[in-house]
Amino acid sequence: MQLSLLGGEPITDHWSFISPESPKSPKVSNKDWVSNEIDEFILSKLEDKGLMPAKIASPSQLIRRIYYDLIGLPPEPDVVKKFIEEYSLDSYKKIIDDLLNSPRYGERWGRHWLDVARYGDSNGGDENHAYPHAWRYRNYVIDAFNKDLPFNEFIKQQIAGDLINGDPKDRTRNLTATGFLAIGTKILAEKDSVKKRADIVDEQIDTISRSLMGISVSCARCHDHKFDPIPTADYYALAGIFHSTLIQDQVVDKPQFINAIAKKKSQIKGIEKRIEVLDKQFKKLTEPELNIQLEAEKFSRGNVKIIKAGNDSEVTYISDPGSQDNFAEYKINILKSGTYSLEFRYAAKSARPGSLIVNDNRNKVLPIMDQVTGGWSAKYQQWSQEAYVYLEMGNHIIRIESKPLMSHLDKMRISLVTDLEESRKLRREIKNLTQKLDKLKSEEENTYKVMSVKDGEVADSNINVRGDPHSKGSIVKRGFLTKIKPSKSLSCNDSSSGRLELANWITQPDHPLTARVIVNRIWYWHFGKGIVSTIDDFGTTGTVPSHPSLLDFLARNFVDNGWSIKELHRLIMFSNTYRMGTNNLDPFALNKDPDNLLYSRRDIRRLEAESFRDSVLMVSGNLNSSSPTGPLFVKSQDPSPADLLKNRQSYEGFFFRSVYLPVIRSHGYDLLALLGFPNATTTVGQRSQTTVPTQALMMMNNPFIIDQAKSLALRFSNIRDLYMALFARHPNDNEAQWIQGFLQNNTKINGEKKAWESLCHTLLISNEFIHVW
Amino acid sequence: MSLFMSGSQDINKISRRSLLNKMCVGFGGLAFNSLISNAFSKADHYRFPNVRARAKRIIFLFMHGGPSHVDLFDYKPELYSHNGKALPFAERKVQFADRGNIFAPPWSFRQVGDCGHWMSELWKHLPEVADDLCILNSLCETNVSHGGACMKLHTGDEALLRPSMGSWISYGLGSENKNLPSFVTICPTSLHGGVNNFGSAFLPARHQGVPLGAPGYPNTSGKDAKFHYMKNLSSGGVEQRLQIDLLRKLNQESEIKNDLLDARINSFELAFRMQMAAPEVTDLSQESKLTRELYGMDGSETDNFARQCLLARRLAEKGVRFIQVSHANSLPFNNEQWDQHSHLEKGHSINVQQIDKPITGLIKDLKARGLLEDTLVLWGGEFGRTPTAQKGNNAIGRDHHPDGFTMWMAGGGVRPGFKYGSTDEFGYHAVEDRMTIHDLHATILHLMGIDHTDLTYNHNGRDFRLTDVHGNIAQNIIS
């Protein structure tokens, strides 16, 4: 235990809660091997054990390694050839610089952050509603990595972008960044609204504490943390900040959006005018004095619910009170026999088809109200001509049924048609235009909204006794973790939620956790293991660093370099530690360092799901390397098997990089999910890597992969070129021989073309293609 | 600490320690996971059972939507005499919809079997196996909405992502068949937790349930229950053999030597074997006419569920540990299968009709084959339904009811013909031998030979259990 200088109260002396100091350079004997400080820290430990580092990897291995590491794609054969021919340290460094400047870099490293940010395009949990605006946050992250946005700024924008008093032209970007707080999983069907709110706040606290500080604060929701110095009061100090924050889809005022809005608005106006004209023509085909207009709520019999839409609306409509057999009946008096047109005004976000029955004639049931108008609220109320019916002079009962649920029906109009043929023609035209209008309106909604947060009513939070939100204890002032102490103490004020202060607190240069956690993550993404192996847990239950001084050096260096991630890449990748080969010829190395904890060699790494898919598309010549924008295009909520099939077709027809695929929680693209792509429920610092037979089955039999193999087969006609494109090398004699044998045997069964395709398929699923040495 | 079974702790338990000494990769636990996925044989590293195992496998018949205990198994005469009257006590604070008055079951009850279990007249076939059932009348304390309750039933937690019961059992006991996965879920629903309900969360991914039929709503029909990617549409077994042989040779030829890479090649071998074994298991045409009729495979209403039950028996026979069958379709006048907020009479009649014969057939068939004694059959939904009617519905139905409902078990070492626990006189609260979902899980694990407090996994610095920090074993139901 040690005493805090500030308050004199005891705090734990756990290493990660004390700010890193600049460590002294360790002594090494083999100075020639050292390229930069990283090598000193690594080599000194190796020398302590009497071990030698592995030889530097071959140029062929290096070029493949740095391509996959930085952009997640294989190098083109031309690049490989040139690199091998002109190999030098300078050309190595130059390629790294080029790759860091490539837009592909942000797609690769932005995706790493999206794992940490548990990025998803649907709410997951129970209902799995789509998050139509989440993709803007995703693109923001990619852009931030490409621009090497200093990491402290990156954190500030994500936690408090809406509160930053910056250049107004940055407002859209800053607001988009706060999507970080909004995109988590939520149990939307939770009926207990107090608990629901507390769960959302809990999710935000969990994400921030684990993603940015590598500690788990959520245990303190119910009791003082058992292991880490996090009292329950600290949890509710943070909870107060997020209870004072609202999640909202907000409209942003970026000029290009304003132009887009104006354009859409004028299109919408144009179509609405046209519909108005057609509507008038349509009415001319009826006898106005015989028209009957009915208010839906004035039914003579029925079991439906009458609902008045919001205060500022005149609309009163009917709908179901829960799932049941809904019906409403209307008595009408027809003065003249003839064909009548039936029009309905209703709103529906999803189709709730109903039927119309006249005078209880069940032999003639007319389908009605099967349109989708864009939403449930009053502004989506729309007229729609839905049926023609012949009515004799006299009294009739019009019955509307809709089960189990009913659209929001406002009015009906029944009018005598004078020219049926012309009327039908107009009806078709109006219907087409209406559909166009709906599409435009929903686009209008979606074009310029971002998933984001803003301050709500600012208030401190009560402690929830044993985590039960209904059982309120004493009030805790909003604040941060009291036992983790960067040098400046900050506090929340009464005029805002405190998110900006929280962001400033987390990003203090000497915060004991923030810089260490991110440099460890970046190390992990380069080496496949962290200096602290429990990537998301730096608390007392986590592991201790294998190289504590190295970790502290990296953290200090990172902050001193303006929190630049690209500079950190250079530092790491220019080291000889990074450049080692995977084989260490020293026989002691395997015995003394079986798990390679000392970095006596390079670990072999499996491609992540996205790199595998992107590489398959690229070598097959099918990768579209532009960056798509727009919301997701697959169904997340209550998908039927038919919907899932459509989703699959959407995934398989999508030739952009995998980072742009929608992340539907619980219904992800199985190709990615089978290869360890996370389900995006919580911060994922470390992906799971498995070798299950279902993966192998997918590799062997997935038509998508087989199709790509066929494309690949068309691009290359000899084994040497194929090897260069896939493995950045030529085959050796034995390999060439095995492959010749394979082709001969296969040709006997399938002929030459299929044998070649089968070889391409085999190489795409081979160990060498899916691993990086 | 010795009870940990985290990835890295696992390593110490592998018998082939020499293998690991040769490993030149640093993935630690990850590499290990990949390695033992090839060792599908049991015993050499799994340390359970650690208490006497009564059951070797489990078939869970999941009734999605919430079957009404008071209309099916929990006979309450007071409901008939108080029909239309208000409940004489206050209802729970959190509820789903406005509640109406007491609503008497539209069916009468009778005692069946030698044991005298109460069943409503809806059940036409199940009484034939009544003496094999152990009815649990006191399930309680689950979530009030489908999502929370389904996740709680399947994973022990109503909101957070936790490993499912089947993946815990697979993790504890492994598989008995090297050609098949250890946890198979037949025609799962995509609703209310969806794949999380058979996911492995932080447990190694090989323990996740393998769906037989894509998860969906309505769920995939029994006719379409298949494993994925079992067939190559453009090449046959001979070509695949050539491919796998080439993969192996190229791997051996590589200058990089690594057990992780070898493990991946072996997974192709297992996949290749699964292609042979799995379609055979799912081929119901191999069953005799008599068996198919026993399950009701040729009747229109029962056909779908009969196929699922028959698949379950075939998988059980082949040594799959955890098999789930889902009655999780939708009804045209209602939402989820058993979710009769309205049309209780119509809905429950159809539902019972669909499953009555198939389930009875399954139990008879298991018994005839000598499988029932070490196969635990569990029947139940995520909650029950209120003894009161739901307000605002013309066609009367019942609301969700989380604190007093019925499940039953058969086989696998449970006391046959036994009734456990009870609800109050209105079937509202469980009062005697209250059994939470954690208690249910603890009991199931116990029957499978696992002490639920020992089955732990270290994740993010904490030891997790299926039963969290709860769970009492219902000792009375064990024979």
# chains A, B, ... in the order shown; residues from 1 in each chain; ligands from 1
call {"tool": "residues_around", "arguments": {"residues": "segment 339-343 of chain A", "least_positions_apart": "6", "cutoff": "12 Å", "atoms": "only C-alpha atoms", "output": "PyMOL selection string"}}
result
chain A and resi 279+282-283+285-288+290-294+296+356+358+366-369+382-393+398+400+409-421+423-424+427+431
call {"tool": "select_by_dssp", "arguments": {"residues": "segment 46-288 of chain A", "states": "helix (DSSP H, G or I)", "output": "ChimeraX atom specification"}}
result
/A:46-48,59-71,77-85,89-101,103-116,134-146,151-163,168-177,179-182,193-213,218-221,232-243,255-284,288
call {"tool": "write_last_selection", "arguments": {"atoms": "C-alpha atoms", "output": "compact mmCIF listing (two decimals), in the first residue's frame"}}
result
# COMPACT_ATOMS: atom_id res chain seq x y z
CA LEU A 46 16.29 -12.00 -24.12
CA GLU A 47 19.91 -11.58 -23.13
CA ASP A 48 19.01 -12.09 -19.48
CA PRO A 59 11.69 -9.48 -47.81
CA SER A 60 8.86 -11.62 -49.15
CA GLN A 61 7.59 -12.26 -45.63
CA LEU A 62 8.07 -8.63 -44.61
CA ILE A 63 6.14 -7.13 -47.48
CA ARG A 64 3.19 -9.41 -46.85
CA ARG A 65 3.38 -8.73 -43.11
CA ILE A 66 3.37 -4.94 -43.38
CA TYR A 67 0.62 -4.92 -45.98
CA TYR A 68 -1.66 -7.04 -43.83
CA ASP A 69 -0.73 -5.17 -40.69
CA LEU A 70 -1.37 -1.71 -42.04
CA ILE A 71 -4.06 -2.10 -44.67
CA PRO A 77 2.67 -8.97 -57.39
CA ASP A 78 4.37 -5.92 -58.99
CA VAL A 79 4.91 -4.35 -55.60
CA VAL A 80 6.34 -7.60 -54.25
CA LYS A 81 8.76 -8.02 -57.14
CA LYS A 82 9.99 -4.45 -56.91
CA PHE A 83 10.32 -4.64 -53.13
CA ILE A 84 12.33 -7.84 -53.23
CA GLU A 85 14.60 -6.56 -55.98
CA LEU A 89 15.82 -0.43 -44.95
CA ASP A 90 14.90 2.79 -46.73
CA SER A 91 12.57 1.08 -49.16
CA TYR A 92 11.00 -0.76 -46.21
CA LYS A 93 10.39 2.52 -44.41
CA LYS A 94 9.09 4.18 -47.55
CA ILE A 95 6.49 1.45 -48.13
CA ILE A 96 5.33 1.84 -44.55
CA ASP A 97 4.90 5.57 -45.08
CA ASP A 98 3.00 4.97 -48.31
CA LEU A 99 0.70 2.50 -46.62
CA LEU A 100 0.08 4.86 -43.71
CA ASN A 101 -1.03 7.46 -46.24
CA PRO A 103 -7.06 5.42 -47.48
CA ARG A 104 -7.04 1.65 -47.01
CA TYR A 105 -5.18 2.21 -43.74
CA GLY A 106 -8.18 3.82 -42.02
CA GLU A 107 -10.41 0.98 -43.17
CA ARG A 108 -8.11 -1.49 -41.48
CA TRP A 109 -7.30 0.40 -38.27
CA GLY A 110 -10.69 2.06 -37.98
CA ARG A 111 -12.15 -1.44 -37.93
CA HIS A 112 -9.86 -2.31 -35.00
CA TRP A 113 -11.33 0.59 -33.08
CA LEU A 114 -14.85 -0.45 -34.07
CA ASP A 115 -14.27 -3.72 -32.19
CA VAL A 116 -13.42 -1.70 -29.11
CA ALA A 134 -24.83 4.29 -37.16
CA TRP A 135 -22.75 4.05 -40.35
CA ARG A 136 -21.84 7.74 -40.06
CA TYR A 137 -19.99 6.99 -36.85
CA ARG A 138 -18.22 4.12 -38.60
CA ASN A 139 -17.08 6.39 -41.43
CA TYR A 140 -16.05 9.02 -38.89
CA VAL A 141 -13.76 6.47 -37.22
CA ILE A 142 -12.19 5.45 -40.54
CA ASP A 143 -11.61 9.09 -41.37
CA ALA A 144 -10.14 9.86 -37.94
CA PHE A 145 -7.56 7.09 -38.36
CA ASN A 146 -6.69 8.18 -41.88
CA PHE A 151 -5.95 10.02 -29.84
CA ASN A 152 -6.77 12.41 -26.98
CA GLU A 153 -8.86 14.50 -29.40
CA PHE A 154 -10.44 11.32 -30.71
CA ILE A 155 -11.57 10.42 -27.19
CA LYS A 156 -12.85 13.93 -26.49
CA GLN A 157 -14.91 13.99 -29.64
CA GLN A 158 -16.44 10.60 -28.90
CA ILE A 159 -17.41 11.39 -25.33
CA ALA A 160 -18.24 15.08 -25.59
CA GLY A 161 -18.13 16.14 -29.25
CA ASP A 162 -21.46 17.94 -28.84
CA LEU A 163 -20.04 20.04 -26.00
CA PRO A 168 -18.66 25.56 -36.15
CA LYS A 169 -17.66 23.76 -39.32
CA ASP A 170 -16.49 20.85 -37.17
CA ARG A 171 -19.86 20.53 -35.46
CA THR A 172 -21.13 17.74 -37.72
CA ARG A 173 -17.98 15.72 -37.23
CA ASN A 174 -17.98 16.24 -33.46
CA LEU A 175 -21.63 15.31 -33.13
CA THR A 176 -21.11 12.21 -35.28
CA ALA A 177 -18.28 11.14 -32.99
CA GLY A 179 -22.25 7.96 -31.77
CA PHE A 180 -19.71 6.10 -29.64
CA LEU A 181 -22.07 6.55 -26.68
CA ALA A 182 -25.22 5.75 -28.65
CA SER A 193 -38.53 2.34 -17.99
CA VAL A 194 -36.44 3.21 -14.94
CA LYS A 195 -34.50 -0.02 -15.26
CA LYS A 196 -34.19 0.42 -19.01
CA ARG A 197 -32.59 3.84 -18.55
CA ALA A 198 -30.27 2.50 -15.85
CA ASP A 199 -29.23 -0.37 -18.15
CA ILE A 200 -28.38 2.02 -20.97
CA VAL A 201 -26.29 4.14 -18.62
CA ASP A 202 -24.61 0.99 -17.34
CA GLU A 203 -23.73 0.00 -20.89
CA GLN A 204 -22.16 3.42 -21.50
CA ILE A 205 -20.14 3.27 -18.28
CA ASP A 206 -18.98 -0.26 -19.07
CA THR A 207 -17.88 0.74 -22.56
CA ILE A 208 -16.00 3.84 -21.49
CA SER A 209 -14.25 2.22 -18.58
CA ARG A 210 -13.16 -0.92 -20.42
CA SER A 211 -12.41 0.58 -23.83
CA LEU A 212 -10.49 3.65 -22.65
CA MET A 213 -9.15 2.70 -19.23
CA SER A 218 -19.78 -2.13 -13.80
CA CYS A 219 -19.37 -4.49 -10.84
CA ALA A 220 -19.69 -1.40 -8.66
CA ARG A 221 -23.29 -0.98 -9.84
CA THR A 232 -20.17 2.05 -5.57
CA ALA A 233 -20.26 5.83 -5.08
CA ASP A 234 -17.82 6.24 -7.99
CA TYR A 235 -20.11 4.24 -10.23
CA TYR A 236 -23.05 6.51 -9.43
CA ALA A 237 -20.86 9.60 -9.82
CA LEU A 238 -20.31 8.45 -13.42
CA ALA A 239 -23.94 7.35 -13.73
CA GLY A 240 -25.03 10.91 -12.90
CA ILE A 241 -23.09 12.15 -15.94
CA PHE A 242 -24.82 9.71 -18.26
CA HIS A 243 -28.24 10.10 -16.68
CA PRO A 255 -23.83 22.59 -45.91
CA GLN A 256 -23.86 19.58 -48.18
CA PHE A 257 -26.71 18.16 -46.16
CA ILE A 258 -28.54 21.45 -46.43
CA ASN A 259 -28.22 21.30 -50.20
CA ALA A 260 -29.36 17.71 -50.20
CA ILE A 261 -32.34 18.60 -48.05
CA ALA A 262 -33.27 21.47 -50.37
CA LYS A 263 -33.01 19.21 -53.40
CA LYS A 264 -35.08 16.45 -51.83
CA LYS A 265 -37.62 18.95 -50.59
CA SER A 266 -38.12 20.41 -54.04
CA GLN A 267 -38.43 16.92 -55.52
CA ILE A 268 -40.97 16.05 -52.87
CA LYS A 269 -42.90 19.25 -53.57
CA GLY A 270 -42.91 18.52 -57.29
CA ILE A 271 -44.33 15.06 -56.79
CA GLU A 272 -46.86 16.25 -54.28
CA LYS A 273 -48.06 18.88 -56.78
CA ARG A 274 -48.36 16.29 -59.48
CA ILE A 275 -50.33 14.03 -57.18
CA GLU A 276 -52.58 16.93 -56.33
CA VAL A 277 -53.29 17.50 -60.02
CA LEU A 278 -53.97 13.82 -60.63
CA ASP A 279 -56.10 13.73 -57.53
CA LYS A 280 -58.24 16.53 -58.92
CA GLN A 281 -58.60 14.67 -62.21
CA PHE A 282 -59.48 11.59 -60.25
CA LYS A 283 -62.14 13.46 -58.35
CA LYS A 284 -63.55 14.79 -61.62
CA PRO A 288 -68.82 14.99 -55.83
call {"tool": "closest_residue", "arguments": {"among": "B:Ile477, B:Leu173, B:Met274, B:Ile359", "to": "chain A", "atoms": "only C-alpha atoms"}}
result
B:Met274
call {"tool": "atom_distance", "arguments": {"atom1": "atom CA of Asp494 of chain A", "atom2": "atom CA of Val458 of chain A"}}
result
6.9 Å
call {"tool": "select_by_dssp", "arguments": {"residues": "segment 186-237 of chain B", "states": "strand (DSSP E)", "output": "number ranges by chain"}}
result
B: 186, 210-212
call {"tool": "write_last_selection", "arguments": {"atoms": "C-alpha atoms", "output": "JSON list (two decimals), in the first residue's frame"}}
result
[["chain", "number", "residue", "atom", "x", "y", "z"],
["B", 186, "ILE", "CA", -33.03, -27.70, -34.07],
["B", 210, "VAL", "CA", -24.78, -25.58, -34.14],
["B", 211, "PRO", "CA", -28.18, -24.71, -35.61],
["B", 212, "LEU", "CA", -29.91, -27.36, -37.63]]
call {"tool": "closest_residue", "arguments": {"among": "B:Val70, B:Leu261, B:Leu250, B:Leu61", "to": "Ile770 of chain A", "atoms": "only C-alpha atoms"}}
result
B:Leu261
call {"tool": "closest_residue", "arguments": {"among": "B:Lys367, B:Lys124, B:Arg54, B:His341", "to": "chain A", "atoms": "only C-alpha atoms"}}
result
B:His341
call {"tool": "residues_around", "arguments": {"residues": "Leu311 of chain B", "least_positions_apart": "4", "cutoff": "9 Å", "atoms": "only C-alpha atoms", "output": "list in words"}}
result
Ile186, Gly222, Ala225, Val281, Thr282, Asp283, Leu284, Ala306, Arg307, Leu315, Ala316 and Val325 of chain B
call {"tool": "atom_distance", "arguments": {"atom1": "atom CA of Ser182 of chain B", "atom2": "atom CA of Leu376 of chain B"}}
result
15.3 Å
call {"tool": "atom_distance", "arguments": {"atom1": "atom CA of Val616 of chain A", "atom2": "atom CA of Ala696 of chain A"}}
result
15.7 Å
call {"tool": "closest_residue", "arguments": {"among": "B:Glu280, B:Asp74, B:Glu345, B:Glu253", "to": "Leu180 of chain B", "atoms": "only C-alpha atoms"}}
result
B:Glu280
call {"tool": "closest_residue", "arguments": {"among": "B:Thr467, B:Gln111, B:Ser138, B:Asn143", "to": "Glu432 of chain B", "atoms": "only C-alpha atoms"}}
result
B:Ser138
call {"tool": "residues_around", "arguments": {"residues": "segment 39-42 of chain A", "least_positions_apart": "3", "cutoff": "8 Å", "atoms": "only C-alpha atoms", "output": "PyMOL selection string"}}
result
chain A and resi 25-28+33-36+45-46+547+549-550+575-577+598-599
call {"tool": "residues_around", "arguments": {"residues": "segment 410-416 of chain B", "least_positions_apart": "2", "cutoff": "12 Å", "atoms": "only C-alpha atoms", "output": "JSON, numbers by chain"}}
result
{"B": [52, 53, 54, 55, 56, 57, 58, 59, 60, 61, 113, 114, 115, 116, 117, 126, 129, 130, 131, 132, 133, 134, 135, 136, 359, 360, 362, 363, 364, 366, 367, 370, 371, 372, 373, 374, 375, 376, 377, 378, 379, 407, 408, 418, 419, 420, 443, 444, 445, 446, 447, 448, 449, 474, 475, 476, 477, 478, 479]}
call {"tool": "residues_around", "arguments": {"residues": "segment 736-752 of chain A", "least_positions_apart": "6", "cutoff": "10 Å", "atoms": "only C-alpha atoms", "output": "mmCIF file with C-alpha atoms, in the first residue's frame"}}
result
data_model
loop_
_atom_site.group_PDB
_atom_site.id
_atom_site.type_symbol
_atom_site.label_atom_id
_atom_site.label_comp_id
_atom_site.auth_asym_id
_atom_site.auth_seq_id
_atom_site.Cartn_x
_atom_site.Cartn_y
_atom_site.Cartn_z
ATOM 1 C CA ILE A 719 1.358 -21.640 -60.723
ATOM 2 C CA ARG A 720 4.187 -19.136 -60.360
ATOM 3 C CA HIS A 730 7.205 -18.478 -55.993
ATOM 4 C CA SER A 758 -10.132 -26.536 -57.761
ATOM 5 C CA LEU A 759 -6.457 -25.685 -57.249
ATOM 6 C CA SER B 235 -17.374 -30.936 -56.704
ATOM 7 C CA VAL B 238 -13.090 -37.475 -54.524
ATOM 8 C CA GLU B 239 -12.089 -33.934 -55.498
ATOM 9 C CA GLN B 240 -12.434 -32.803 -51.901
ATOM 10 C CA LEU B 242 -7.617 -34.448 -53.303
ATOM 11 C CA GLN B 243 -7.987 -30.900 -51.988
ATOM 12 C CA ASP B 245 -4.535 -34.062 -49.263
ATOM 13 C CA LEU B 246 -2.971 -31.140 -51.083
ATOM 14 C CA LYS B 249 1.099 -31.715 -48.187
ATOM 15 C CA LEU B 250 1.552 -27.985 -48.728
ATOM 16 C CA GLU B 253 6.141 -28.605 -47.096
#
call {"tool": "residues_around", "arguments": {"residues": "Asp439 of chain B", "least_positions_apart": "3", "cutoff": "6 Å", "atoms": "only C-alpha atoms", "output": "list of chain:residue names"}}
result
B:Met435, B:Thr436, B:Ala442, B:Gly471, B:Asn472, B:Ile473
